[in-house]
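Please read the structure below before turning to the comments.
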Amino acid sequence: MVCPLLHVFGSVVNGDGIEIQGTWKHFYFSAVTLTTLGYGNLVPNDIFAEVIATIQSIIGFMGFAILAGVVASIALKRVELQNKN
């Protein structure tokens, strides 16, 4: 997962401007970013963390788009099969 990258290269701060510590907080930040929720309670504090967060957001958005496309494709195939019968 991308969490270790934030531990090594990036800095993430909470709403008070205090740098977060611990794997769970970094995992939480990554999960919120990857799902593109972006609560805003934890934010990247330097350029490396911003780059990592940007990549995570793009991956999360692409994952959602692919999932939506697969579901839509399955639904359209079922409609096509029903219309043939």
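Residue numbering restarts at 1 in every chain; chains get A, B, ... in the order shown in the structure tokens, and ligands count up from 1 in that same order.
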Neighbouring residues of Asn45 of chain A were defined as those with any atom within 9 Å, considering only C-alpha atoms; residues of the same chain fewer than 2 positions away were excluded. Please report them as a ChimeraX atom specification.
/A:10-13,17,19,43,47-50
Enumerate the residues of chain A with a DSSP assignment of strand (DSSP E or B), computed from the backbone, and present them as a ChimeraX atom specification.
/A:12-14,19,42-44
Preceding selection exported with N, CA, C and O atoms as an mmCIF file, in the first residue's frame:
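Written file, result14.cif:
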```cif
data_model
loop_
_atom_site.group_PDB
_atom_site.id
_atom_site.type_symbol
_atom_site.label_atom_id
_atom_site.label_comp_id
_atom_site.auth_asym_id
_atom_site.auth_seq_id
_atom_site.Cartn_x
_atom_site.Cartn_y
_atom_site.Cartn_z
ATOM 1 N N VAL A 12 2.107 14.516 6.858
ATOM 2 C CA VAL A 12 0.676 14.759 6.918
ATOM 3 C C VAL A 12 0.376 15.380 8.271
ATOM 4 O O VAL A 12 0.875 14.923 9.296
ATOM 5 N N VAL A 13 -0.439 16.422 8.284
ATOM 6 C CA VAL A 13 -0.768 17.107 9.540
ATOM 7 C C VAL A 13 -2.272 17.048 9.793
ATOM 8 O O VAL A 13 -3.067 16.909 8.872
ATOM 9 N N ASN A 14 -2.639 17.181 11.081
ATOM 10 C CA ASN A 14 -4.052 17.226 11.436
ATOM 11 C C ASN A 14 -4.542 18.667 11.387
ATOM 12 O O ASN A 14 -3.813 19.575 10.983
ATOM 13 N N GLU A 19 1.977 17.290 13.025
ATOM 14 C CA GLU A 19 2.273 16.152 12.154
ATOM 15 C C GLU A 19 1.773 14.865 12.791
ATOM 16 O O GLU A 19 2.001 14.615 13.967
ATOM 17 N N LEU A 42 -7.175 15.582 7.950
ATOM 18 C CA LEU A 42 -5.750 15.332 7.760
ATOM 19 C C LEU A 42 -5.385 15.836 6.371
ATOM 20 O O LEU A 42 -6.084 15.548 5.405
ATOM 21 N N VAL A 43 -4.299 16.576 6.294
ATOM 22 C CA VAL A 43 -3.917 17.158 5.007
ATOM 23 C C VAL A 43 -2.421 16.959 4.756
ATOM 24 O O VAL A 43 -1.633 16.929 5.691
ATOM 25 N N PRO A 44 -2.022 16.837 3.474
ATOM 26 C CA PRO A 44 -0.594 16.744 3.165
ATOM 27 C C PRO A 44 0.104 18.052 3.530
ATOM 28 O O PRO A 44 -0.458 19.125 3.361
#
```
So that each row is one residue of segment 8-42 of chain A with an atom at most 12 Å from segment 64-81 of chain A, can you give its shortest atom pair and the distance in Å to one decimal, using only C-alpha atoms, rows by chain and rising number, as a Markdown table?
```
| residue | atom | partner | partner_atom | distance |
| --- | --- | --- | --- | --- |
| A:Leu34 | CA | A:Phe64 | CA | 10.0 |
| A:Thr35 | CA | A:Phe64 | CA | 8.4 |
| A:Thr36 | CA | A:Phe64 | CA | 9.6 |
```
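Atom CA of Tyr39 of chain A lies 13.0 Å from atom CA of Ala53 of chain A.
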Between atom CA of Gly60 of chain A and atom CA of Tyr28 of chain A, distance in Å (one decimal)
14.2 Å
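With distances restricted to only C-alpha atoms, A:Ile52 is the closest residue to Phe29 of chain A from A:Ile52, A:Met62, A:Gln82, A:Asp16.
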